[in-house]
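So this one's target.csv, CSV, C-alpha atoms:
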chain,number,residue,atom,x,y,z
A,3,MET,CA,147.1,-62.8,112.2
A,4,ASN,CA,146.7,-60.9,109.0
A,5,ASP,CA,150.0,-61.1,107.1
A,6,GLY,CA,149.2,-58.0,105.2
A,7,CYS,CA,148.6,-55.9,108.3
A,8,PRO,CA,151.6,-55.1,110.6
A,9,ARG,CA,149.4,-53.8,113.4
A,10,CYS,CA,147.4,-56.9,114.3
A,11,ARG,CA,150.2,-57.8,116.7
A,12,GLY,CA,149.9,-54.6,118.7
A,13,PHE,CA,146.2,-54.7,119.0
A,14,ALA,CA,146.3,-58.3,120.1
A,15,ALA,CA,148.8,-57.5,122.8
A,16,ASP,CA,146.4,-54.8,124.0
A,17,GLY,CA,143.8,-57.5,124.5
A,18,ARG,CA,141.6,-56.3,121.6
A,19,SER,CA,139.0,-58.5,119.9
A,20,PHE,CA,139.6,-56.9,116.5
A,21,CYS,CA,142.5,-55.2,114.8
A,22,GLY,CA,141.8,-51.4,114.8
A,23,ALA,CA,143.7,-51.1,111.5
A,24,CYS,CA,142.3,-53.8,109.3
A,25,GLY,CA,139.3,-54.9,111.3
A,26,ARG,CA,140.2,-58.6,111.4
A,27,SER,CA,139.0,-60.7,114.3
A,28,LEU,CA,141.8,-61.6,116.6
A,29,ARG,CA,139.9,-64.3,118.5
A,30,ASP,CA,138.2,-67.5,117.5
A,31,ASP,CA,134.6,-68.3,118.0
A,32,GLY,CA,135.3,-69.5,121.5
A,33,GLY,CA,136.6,-66.1,122.5
A,34,ARG,CA,140.2,-67.3,122.7
A,35,PRO,CA,143.1,-65.7,120.9
A,36,ASN,CA,143.5,-67.3,117.5
A,37,PHE,CA,147.2,-66.8,117.5
A,38,VAL,CA,150.2,-66.4,119.9
A,39,VAL,CA,150.8,-62.7,120.1
A,40,TYR,CA,154.6,-62.8,120.1
A,41,GLN,CA,155.1,-65.9,118.0
A,42,PRO,CA,157.1,-65.1,114.8
A,43,VAL,CA,154.8,-65.2,111.7
A,44,ARG,CA,155.4,-64.8,108.0
A,45,GLY,CA,155.0,-61.4,106.4
A,46,PRO,CA,157.0,-58.5,105.1
A,47,HIS,CA,157.0,-56.7,108.4
A,48,VAL,CA,158.6,-59.6,110.4
A,49,ALA,CA,162.2,-58.8,109.3
A,50,ALA,CA,162.1,-55.5,111.2
A,51,GLU,CA,161.2,-57.3,114.5
A,52,PRO,CA,164.8,-58.0,115.7
A,53,GLU,CA,165.8,-54.4,115.2
A,54,ARG,CA,162.7,-53.2,117.0
A,55,ALA,CA,163.3,-55.5,119.9
A,56,ASN,CA,166.7,-54.1,120.7
A,57,ARG,CA,166.2,-50.5,119.4
A,58,HIS,CA,166.4,-48.8,122.8
A,59,GLY,CA,168.8,-51.4,124.3
A,60,PRO,CA,169.6,-50.8,128.0
A,61,LEU,CA,166.9,-48.1,128.3
A,62,SER,CA,164.1,-50.5,127.6
A,63,ILE,CA,165.6,-53.1,130.0
A,64,ILE,CA,165.9,-50.5,132.8
A,65,LEU,CA,162.3,-49.5,132.3
A,66,LEU,CA,161.1,-53.1,132.2
A,67,ILE,CA,162.8,-53.7,135.5
A,68,THR,CA,161.3,-50.5,136.9
A,69,CYS,CA,157.8,-51.6,135.8
A,70,ILE,CA,158.2,-55.0,137.5
A,71,PHE,CA,159.2,-53.1,140.6
A,72,VAL,CA,156.1,-50.9,140.3
A,73,MET,CA,153.9,-54.1,140.0
A,74,PHE,CA,155.3,-55.3,143.3
A,75,ILE,CA,154.6,-51.9,144.9
A,76,ALA,CA,151.0,-52.2,143.7
A,77,VAL,CA,150.6,-55.6,145.4
A,78,PHE,CA,152.1,-54.2,148.6
A,79,GLU,CA,149.7,-51.2,148.5
A,80,MET,CA,146.8,-53.5,148.0
A,81,ILE,CA,147.9,-55.6,151.0
A,82,ALA,CA,148.1,-52.4,153.1
A,83,LEU,CA,144.6,-51.5,152.0
A,84,LEU,CA,143.2,-54.9,152.9
A,85,VAL,CA,145.0,-55.0,156.3
A,86,ASN,CA,143.4,-51.6,157.2
A,87,HIS,CA,140.1,-52.3,155.5
A,88,PRO,CA,138.2,-53.3,158.7
A,89,ASN,CA,139.3,-50.0,160.4
A,90,ILE,CA,138.2,-48.0,157.4
A,91,LEU,CA,134.8,-49.8,157.3
A,92,ASP,CA,134.3,-49.1,161.0
A,93,PHE,CA,135.3,-45.4,160.5
A,94,LEU,CA,132.7,-44.9,157.8
A,95,SER,CA,129.8,-46.2,159.9
A,96,GLY,CA,129.2,-42.8,161.4
A,97,LYS,CA,130.3,-40.6,158.5
A,98,SER,CA,128.6,-38.8,155.6
A,99,PHE,CA,130.5,-38.3,152.4
A,100,GLY,CA,129.8,-36.1,149.4
A,101,PHE,CA,130.4,-37.1,145.8
A,102,PHE,CA,131.2,-34.5,143.2
A,103,LEU,CA,131.1,-34.0,139.5
A,104,LEU,CA,133.4,-31.6,137.5
A,105,LEU,CA,131.1,-28.9,136.1
A,106,PRO,CA,133.9,-28.0,135.3
A,107,PHE,CA,134.9,-27.3,138.9
A,108,PRO,CA,133.9,-29.9,141.7
A,109,GLU,CA,130.3,-29.7,142.7
A,110,VAL,CA,128.8,-32.1,145.3
A,111,VAL,CA,125.8,-33.7,143.6
A,112,PHE,CA,124.9,-36.4,146.2
A,113,ARG,CA,125.9,-37.8,149.6
A,114,LEU,CA,126.1,-41.3,151.1
A,115,ASP,CA,126.3,-42.1,154.8
A,116,GLY,CA,126.1,-45.1,157.2
A,117,THR,CA,125.5,-48.5,155.5
A,118,MET,CA,125.3,-47.1,152.0
A,119,LEU,CA,128.7,-45.5,152.4
A,120,GLN,CA,130.1,-48.8,153.7
A,121,LEU,CA,128.7,-50.7,150.8
A,122,TYR,CA,130.2,-48.1,148.4
A,123,TRP,CA,133.6,-48.7,150.1
A,124,LEU,CA,133.3,-52.5,149.7
A,125,PHE,CA,132.7,-51.9,145.9
A,126,VAL,CA,135.7,-49.6,145.7
A,127,VAL,CA,137.9,-52.2,147.4
A,128,ALA,CA,136.6,-54.9,145.0
A,129,ALA,CA,137.2,-52.7,142.0
A,130,LEU,CA,140.8,-51.9,143.1
A,131,ILE,CA,141.6,-55.6,143.6
A,132,ALA,CA,140.2,-56.4,140.2
A,133,CYS,CA,142.3,-53.6,138.6
A,134,VAL,CA,145.5,-55.0,140.2
A,135,ILE,CA,144.9,-58.6,139.3
A,136,HIS,CA,143.9,-57.8,135.7
A,137,THR,CA,147.0,-55.6,135.1
A,138,LEU,CA,149.3,-58.2,136.7
A,139,ARG,CA,147.8,-61.0,134.6
A,140,LYS,CA,148.3,-59.1,131.3
A,141,PHE,CA,151.8,-57.9,132.3
A,142,ALA,CA,152.9,-61.4,133.4
A,143,ARG,CA,151.6,-63.1,130.3
A,144,ALA,CA,153.4,-60.6,128.0
A,145,ALA,CA,156.6,-60.8,130.1
A,146,ARG,CA,156.6,-64.6,129.9
A,147,SER,CA,156.4,-64.5,126.1
A,148,GLY,CA,159.5,-62.3,125.8
A,149,GLY,CA,161.5,-62.3,129.0
A,150,ILE,CA,164.2,-59.9,129.9
A,151,SER,CA,165.8,-60.3,126.5
A,152,ARG,CA,162.6,-58.9,124.8
A,153,PRO,CA,161.6,-55.8,126.7
A,154,ASP,CA,159.4,-54.8,123.8
A,155,ALA,CA,157.2,-57.7,124.6
A,156,VAL,CA,155.5,-55.7,127.4
A,157,GLU,CA,155.5,-52.3,125.6
A,158,ASN,CA,151.8,-52.8,124.8
A,159,THR,CA,150.7,-53.5,128.4
A,160,ALA,CA,149.2,-51.2,130.9
A,161,GLY,CA,151.7,-52.4,133.5
A,162,MET,CA,154.6,-51.0,131.4
A,163,TRP,CA,153.1,-47.6,131.0
A,164,ILE,CA,151.9,-47.4,134.6
A,165,GLY,CA,155.5,-47.8,135.6
A,166,ILE,CA,156.8,-45.3,133.1
A,167,PHE,CA,154.2,-42.6,134.0
A,168,LEU,CA,154.6,-43.1,137.7
A,169,SER,CA,158.4,-42.6,137.5
A,170,ALA,CA,158.1,-39.7,135.1
A,171,MET,CA,155.5,-38.0,137.3
A,172,LEU,CA,157.7,-38.3,140.4
A,173,PHE,CA,160.6,-36.8,138.5
A,174,ILE,CA,158.4,-33.9,137.2
A,175,ASN,CA,157.2,-33.3,140.8
A,176,PHE,CA,160.8,-33.1,142.0
A,177,VAL,CA,161.8,-30.6,139.3
A,178,VAL,CA,158.8,-28.4,140.0
A,179,SER,CA,159.3,-28.6,143.7
A,180,PHE,CA,163.0,-27.8,143.4
A,181,VAL,CA,162.3,-24.8,141.1
A,182,LEU,CA,159.6,-23.4,143.4
A,183,ILE,CA,161.5,-23.9,146.6
A,184,SER,CA,164.6,-22.3,145.1
A,185,ALA,CA,162.4,-19.3,144.1
A,186,GLY,CA,161.1,-19.0,147.7
A,187,VAL,CA,157.6,-20.3,147.1
A,188,GLU,CA,156.0,-22.0,150.0
A,189,MET,CA,154.4,-25.4,149.1
A,190,THR,CA,151.8,-27.0,151.4
A,191,ALA,CA,149.6,-30.0,151.4
A,192,PRO,CA,146.0,-30.3,152.6
A,193,ASP,CA,145.2,-32.1,155.9
A,194,PHE,CA,143.8,-35.5,155.1
A,195,GLY,CA,143.1,-36.4,158.7
A,196,ASP,CA,144.5,-39.4,160.5
A,197,LYS,CA,145.8,-42.6,158.7
A,198,THR,CA,142.4,-44.3,158.5
A,199,GLU,CA,140.6,-41.2,157.0
A,200,MET,CA,143.6,-40.6,154.6
A,201,MET,CA,143.5,-44.2,153.3
A,202,PHE,CA,139.8,-43.9,152.6
A,203,LEU,CA,140.1,-40.5,150.9
A,204,LEU,CA,143.0,-41.5,148.7
A,205,ALA,CA,141.5,-44.8,147.6
A,206,ASP,CA,138.2,-43.1,146.9
A,207,ALA,CA,140.0,-40.5,144.9
A,208,ALA,CA,141.7,-43.2,142.8
A,209,PHE,CA,138.3,-44.6,141.9
A,210,TRP,CA,135.8,-41.8,141.9
A,211,GLU,CA,138.1,-39.2,140.2
A,212,GLU,CA,138.7,-41.6,137.4
A,213,ILE,CA,135.0,-42.0,136.9
A,214,VAL,CA,134.3,-38.2,136.7
A,215,SER,CA,137.5,-37.2,135.0
A,216,ARG,CA,138.2,-40.0,132.5
A,217,LEU,CA,135.0,-42.0,132.1
A,218,LEU,CA,132.6,-39.0,131.9
A,219,ILE,CA,135.0,-36.5,130.1
A,220,ILE,CA,136.7,-38.9,127.7
A,221,GLY,CA,134.8,-42.2,127.6
A,222,LEU,CA,131.3,-40.8,127.3
A,223,PRO,CA,132.0,-38.3,124.5
A,224,MET,CA,134.0,-40.9,122.6
A,225,ALA,CA,131.1,-43.5,123.0
A,226,VAL,CA,128.6,-40.9,121.6
A,227,ILE,CA,130.9,-39.9,118.7
A,228,SER,CA,131.6,-43.6,117.9
A,229,LEU,CA,127.9,-44.4,118.0
A,230,ILE,CA,127.1,-41.6,115.6
A,231,VAL,CA,130.0,-42.5,113.2
A,232,THR,CA,129.7,-46.3,113.3
A,233,ARG,CA,126.0,-46.8,114.3
A,234,LYS,CA,127.1,-50.0,116.1
A,235,LYS,CA,126.2,-50.9,119.7
A,236,GLU,CA,129.9,-51.9,120.3
A,237,SER,CA,130.6,-48.2,120.5
A,238,LEU,CA,129.2,-48.2,124.1
A,239,LYS,CA,132.4,-50.1,125.1
A,240,CYS,CA,134.2,-46.8,124.5
A,241,LEU,CA,132.7,-45.6,127.8
A,242,PHE,CA,135.3,-47.6,129.7
A,243,GLY,CA,138.3,-46.6,127.5
A,244,GLY,CA,140.7,-48.8,125.6
A,245,PHE,CA,139.5,-47.7,122.2
A,246,GLY,CA,142.9,-46.5,120.9
A,247,MET,CA,144.6,-43.2,120.2
A,248,SER,CA,143.3,-40.7,117.7
A,249,MET,CA,143.2,-36.9,117.2
A,250,THR,CA,139.8,-36.9,118.9
A,251,ALA,CA,141.2,-38.8,121.9
A,252,VAL,CA,144.1,-36.4,122.2
A,253,VAL,CA,141.7,-33.4,122.3
A,254,LEU,CA,139.7,-35.2,125.0
A,255,ILE,CA,142.8,-36.1,127.0
A,256,VAL,CA,143.9,-32.4,127.0
A,257,ILE,CA,140.5,-31.3,128.1
A,258,SER,CA,140.3,-33.9,130.8
A,259,GLY,CA,143.8,-33.1,132.1
A,260,ALA,CA,143.1,-29.4,132.2
A,261,ILE,CA,139.8,-29.8,134.1
A,262,PHE,CA,141.5,-32.4,136.4
A,263,GLY,CA,144.3,-29.9,137.1
A,264,MET,CA,141.9,-27.0,137.9
A,265,ALA,CA,139.9,-29.2,140.1
A,266,HIS,CA,142.8,-29.5,142.5
A,267,TYR,CA,143.3,-25.8,142.8
A,268,GLY,CA,140.8,-25.2,145.7
A,269,GLY,CA,141.6,-28.4,147.5
A,270,TRP,CA,145.3,-27.5,147.7
A,271,ASP,CA,145.0,-24.0,149.2
A,272,ASN,CA,144.7,-22.3,145.8
A,273,GLN,CA,148.3,-23.2,144.9
A,274,ALA,CA,148.9,-22.7,141.2
A,275,TRP,CA,151.7,-25.3,141.0
A,276,LYS,CA,149.3,-28.1,141.9
A,277,VAL,CA,147.2,-27.2,138.8
A,278,LEU,CA,150.3,-27.8,136.7
A,279,THR,CA,151.4,-31.1,138.2
A,280,ALA,CA,147.8,-32.4,138.5
A,281,GLY,CA,147.2,-31.4,134.9
A,282,ILE,CA,150.2,-33.3,133.7
A,283,MET,CA,149.2,-36.3,135.8
A,284,GLY,CA,145.7,-36.0,134.3
A,285,ALA,CA,147.1,-36.3,130.8
A,286,PHE,CA,149.1,-39.4,131.8
A,287,LEU,CA,145.9,-40.9,133.3
A,288,GLY,CA,144.0,-40.0,130.2
A,289,TYR,CA,146.5,-41.7,128.0
A,290,VAL,CA,146.4,-45.1,129.8
A,291,PHE,CA,142.5,-44.8,129.9
A,292,VAL,CA,142.4,-44.3,126.1
A,293,ARG,CA,144.9,-46.9,125.3
A,294,PHE,CA,144.1,-49.6,127.9
A,295,GLY,CA,140.9,-48.8,129.7
A,296,LEU,CA,139.5,-47.5,133.0
A,297,TYR,CA,141.2,-50.2,135.0
A,298,ALA,CA,144.6,-48.9,134.0
A,299,SER,CA,143.9,-45.3,134.9
A,300,ILE,CA,142.4,-46.3,138.3
A,301,LEU,CA,145.5,-48.4,139.1
A,302,LEU,CA,147.9,-45.7,138.1
A,303,HIS,CA,146.0,-43.3,140.3
A,304,PHE,CA,145.8,-45.7,143.2
A,305,ILE,CA,149.6,-46.6,143.1
A,306,THR,CA,150.4,-42.8,143.1
A,307,ASN,CA,148.1,-42.0,146.0
A,308,TYR,CA,149.2,-45.0,148.1
A,309,LEU,CA,153.0,-44.6,148.0
A,310,SER,CA,152.9,-43.9,151.7
A,311,SER,CA,151.7,-47.5,152.3
A,312,PHE,CA,155.1,-48.6,153.6
A,313,GLU,CA,154.9,-45.9,156.3
A,314,TRP,CA,151.4,-46.8,157.2
A,315,MET,CA,152.4,-50.5,157.6
A,316,GLY,CA,155.3,-49.6,159.9
A,317,PHE,CA,158.1,-49.6,157.4
A,318,GLY,CA,158.9,-45.9,157.7
A,319,GLY,CA,161.7,-44.7,155.5
A,320,ILE,CA,161.3,-47.4,152.9
A,321,ASP,CA,158.7,-45.3,151.1
A,322,VAL,CA,161.2,-42.4,150.9
A,323,ILE,CA,163.8,-44.8,149.4
A,324,ILE,CA,161.3,-46.2,146.9
A,325,THR,CA,160.1,-42.7,145.9
A,326,LEU,CA,163.7,-41.5,145.4
A,327,LEU,CA,164.5,-44.6,143.4
A,328,LEU,CA,161.5,-44.2,141.1
A,329,MET,CA,162.2,-40.5,140.8
A,330,SER,CA,165.8,-41.1,139.7
A,331,LEU,CA,164.5,-43.4,137.0
A,332,GLY,CA,161.9,-40.8,135.9
A,333,PHE,CA,164.4,-39.0,133.6
A,334,ALA,CA,164.9,-42.3,131.7
A,335,ALA,CA,161.1,-42.7,131.5
A,336,LEU,CA,160.8,-39.2,130.0
A,337,ILE,CA,163.5,-40.0,127.4
A,338,TYR,CA,161.6,-43.2,126.5
A,339,MET,CA,158.4,-41.3,126.1
A,340,VAL,CA,160.0,-38.7,123.8
A,341,ILE,CA,161.6,-41.5,121.7
A,342,ARG,CA,158.3,-43.4,121.4
A,343,THR,CA,156.3,-40.2,120.5
A,344,SER,CA,158.9,-39.1,117.9
A,345,GLU,CA,158.9,-42.6,116.3
A,346,TYR,CA,155.2,-42.7,116.1
A,347,GLY,CA,155.1,-39.2,114.5
A,348,ARG,CA,157.6,-40.3,111.9
A,349,ASN,CA,156.2,-43.7,111.1
A,350,LYS,CA,152.5,-43.5,111.6
A,351,GLU,CA,149.7,-41.0,110.9
A,352,LEU,CA,147.4,-40.4,113.9
A,353,PRO,CA,143.8,-40.9,112.6
A,354,ASN,CA,141.0,-38.4,113.4
A,355,PHE,CA,139.0,-41.2,115.0
A,356,ARG,CA,139.5,-44.8,116.1
A,357,ASN,CA,137.4,-47.4,117.8
A,358,SER,CA,139.2,-50.8,118.1
A,359,TYR,CA,136.0,-52.4,119.4
A,360,VAL,CA,134.2,-52.0,116.0
A,361,ARG,CA,135.3,-53.8,112.8
A,362,ASN,CA,136.5,-51.6,110.0
A,363,SER,CA,136.3,-48.4,112.2
Now, as a test, write the supplied structure out as structure tokens.
Amino acid sequence: MNDGCPRCRGFAADGRSFCGACGRSLRDDGGRPNFVVYQPVRGPHVAAEPERANRHGPLSIILLITCIFVMFIAVFEMIALLVNHPNILDFLSGKSFGFFLLLPFPEVVFRLDGTMLQLYWLFVVAALIACVIHTLRKFARAARSGGISRPDAVENTAGMWIGIFLSAMLFINFVVSFVLISAGVEMTAPDFGDKTEMMFLLADAAFWEEIVSRLLIIGLPMAVISLIVTRKKESLKCLFGGFGMSMTAVVLIVISGAIFGMAHYGGWDNQAWKVLTAGIMGAFLGYVFVRFGLYASILLHFITNYLSSFEWMGFGGIDVIITLLLMSLGFAALIYMVIRTSEYGRNKELPNFRNSYVRNS
């Protein structure tokens, strides 16, 4: 680790190959980390570590426990998907399904049916499994290094922010619903069909909507911009996210979130409230995409869509309890988000552009 750069540690915890601040390689020639991420090292910035570790006290510990809980939910949802996978595969044998792009509203550009649709479904399931395993592995590795006494150890993992955003979004949905119902506004949800069809549609949405909303609207422009700025082929990695926050990324997140919100207008019986909540969720998904990568936004989307898994698996009522529990923790998640955002604004200057995949970017 570069003793003169206080940010190597954060980029290493994110799994980066290079520090986005100083450009130093964080791995040895064999592709392994060349230092232990959370091992104390010498340097002028180390003295501040104990204060940082306990800065938020109980709030950080509560959110750490919440995120561990969300990781268990992700595993259960994946089990529910795999248990029902044969039924979904059989269901798709006689179906035709249209795939859309956001131009900026959804427009079907091609269709798959029969065997091709089944093969696509197998790919989606494999991708979702990979996202769950990758997130759990990174979260567990960071948690082992710090434990419950060091909640800051997992602050730079996708698992932590997936839990924070899921809880915050459930709380926001509750507030919006309460306000609208109190005002006499009728709120309805579209008909997704029976359980088998719903499980396919919601899993597909978690995968395909992230491709068209995050990869194409955020990743592709950032890859092109990075290629122009750096003229290095590593810029193409930006297509899949994980390049780091910057003013350019913030603009793309806002655009992606707005388009994502508007895309839900027609599908939800032209209800304006869904544009608001989907737009906020789109911003959360954009953040984890930019900071961690496509796998993180897909997993956050999947966990959100599959919260009814407990009911589908015959544990009716548990999903309601879990949703209420996460919702009650959502206010704490929002407070944490505000604290972290304000701290960043006071202590760091957000660059106009960043690409952590390229040295000295």
A:Phe112, A:Trp270, A:Phe242, A:Trp275 ranked by distance to Arg293 (chain A), top pick (using all atoms listed in the file):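 Closest candidate: A:Phe242.
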How many Å separate CA of Gly318 (chain A) from CA of Ala191 (chain A)? 19.5 Å
How many Å separate CA of Leu114 (chain A) from CA of Phe102 (chain A)?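 Result for CA of Leu114 (chain A) versus CA of Phe102 (chain A): 11.6 Å, one decimal.
Proximity to Asn86 (chain A) was assessed for A:Val126, A:Ile70, A:Met315, A:Leu65 counting all atoms listed in the file; the smallest distance is recorded for A:Met315.
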What is the CA of Phe245 (chain A) to CA of Asn357 (chain A) distance in Å? 4.9 Å
Excluding same-chain residues fewer than 2 positions from region 130-143 of chain A, what lies within 9 Å of it counting all atoms listed in the file, as an MDAnalysis selection string? chainID A and resid 15:17 70 73 76:77 80 125:128 145:147 156 159:162 205 208:209 296:298 300:301 304
Kindly provide the residues of region 114-197 of chain A that approach region 276-282 of chain A to within 8 Å, each paired with its closest atom pair and their distance in Å to one decimal, based on only C-alpha atoms, listed by chain and increasing number, as JSON lines.
{"residue": "A:Met171", "atom": "CA", "partner": "A:Ile282", "partner_atom": "CA", "distance": 7.9}
{"residue": "A:Ile174", "atom": "CA", "partner": "A:Thr279", "partner_atom": "CA", "distance": 7.6}
{"residue": "A:Asn175", "atom": "CA", "partner": "A:Thr279", "partner_atom": "CA", "distance": 6.7}
